[in-house]
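*Asks:* Structure below; questions to follow.
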Amino acid sequence: MKSRKVFKNSGGSPSTTFTDSSALPQKDGGGAVRATNSHRGLRKSGAGFTLIEVLIVIGLLGLVASLGSAVGFDTLGRSAVREERDTLVSLLWSARTRALANMHESAQGVHIDGGQYVLFEGASYDISDPDNQVIPRNLAVSISGGPDIIFVQLSGDASTGIGTLTMTGPTGAATVVINEAGRIEW
């Protein structure tokens, strides 16, 4: 038996219509009205996530994070080598420019020491010269090659340190080549 009950909202227009008699109060055998709790036709919603879904998502996030951190650390290591190479090239260009400009009428050079670069004047490196300019360097990057690179005044030719300087870091390497004419390639 289907019955229809219409409820009206305060505006007077119908708002909800029930056509299923099971949703309405029913009379029991003795004539009393009883409320039914029938949920026929209604689907329980599965709100929330299962444990396996949560674990899969956490596993995927962990995988993406580990790949991202591996790439990030590799990039940081390579950038340390590139930064050190750029610093050395800048100092070499500075020394060569000073030699071409005949600054203080002497040769100009760069000395590579354990934890520093030293920009100096003269035909050889003098550790006690007060005019030496000390620039700290990254100790995580090792440098192989001559400790002194000297450029001749006025010509800018390299008199000492001709060859290849190799920089090696935890995840990368770079080279700087100095030829006889003082050309610096990297």
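Chain labels follow the order of the structure tokens: the first chain is A, the next B, and so on; residue numbering restarts at 1 in every chain, and ligands are counted from 1 in their shown order.
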Would you pick out the contacts of stretch 133-146 of chain A at 12 Å or less, using only C-alpha atoms, so that residues sharing its chain but fewer than 5 positions from it are not included, and give the list as a PyMOL selection string?

*Replies:* chain A and resi 76-88+90-91+94-95+108-121+125-128+159-178

*Asks:* Using only C-alpha atoms, find the one residue out of A:Leu92, A:Asn132, A:Leu67, A:Ile58 that sits nearest to A:Gly182.

*Replies:*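 The shortest atom-to-atom distance to A:Gly182 comes from A:Leu92.
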
*Asks:* Atom CA of A:Ser69 and atom CA of A:Trp186 are how many Å apart?

*Replies:*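 Those two atoms sit 28.7 Å apart.
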
*Asks:* Between atom CA of A:Ser155 and atom CA of A:Ala181, what is the distance in Å, rounded to a tenth?

*Replies:* 8.3 Å

*Asks:* So what do you get for atom CA of A:Asn179 versus atom CA of A:Asp131, distance-wise?

*Replies:* 26.7 Å

*Asks:* Which is closer to A:Asn102 than all the others in A:Ala65, A:Val89, A:Leu154, A:Ile52, using only C-alpha atoms?

*Replies:*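 Nearest to A:Asn102: A:Leu154.
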
*Asks:* Which is closer to A:His104 than all the others in A:Glu180, A:Pro130, A:Leu55, A:Gln153, using only C-alpha atoms?

*Replies:* A:Gln153
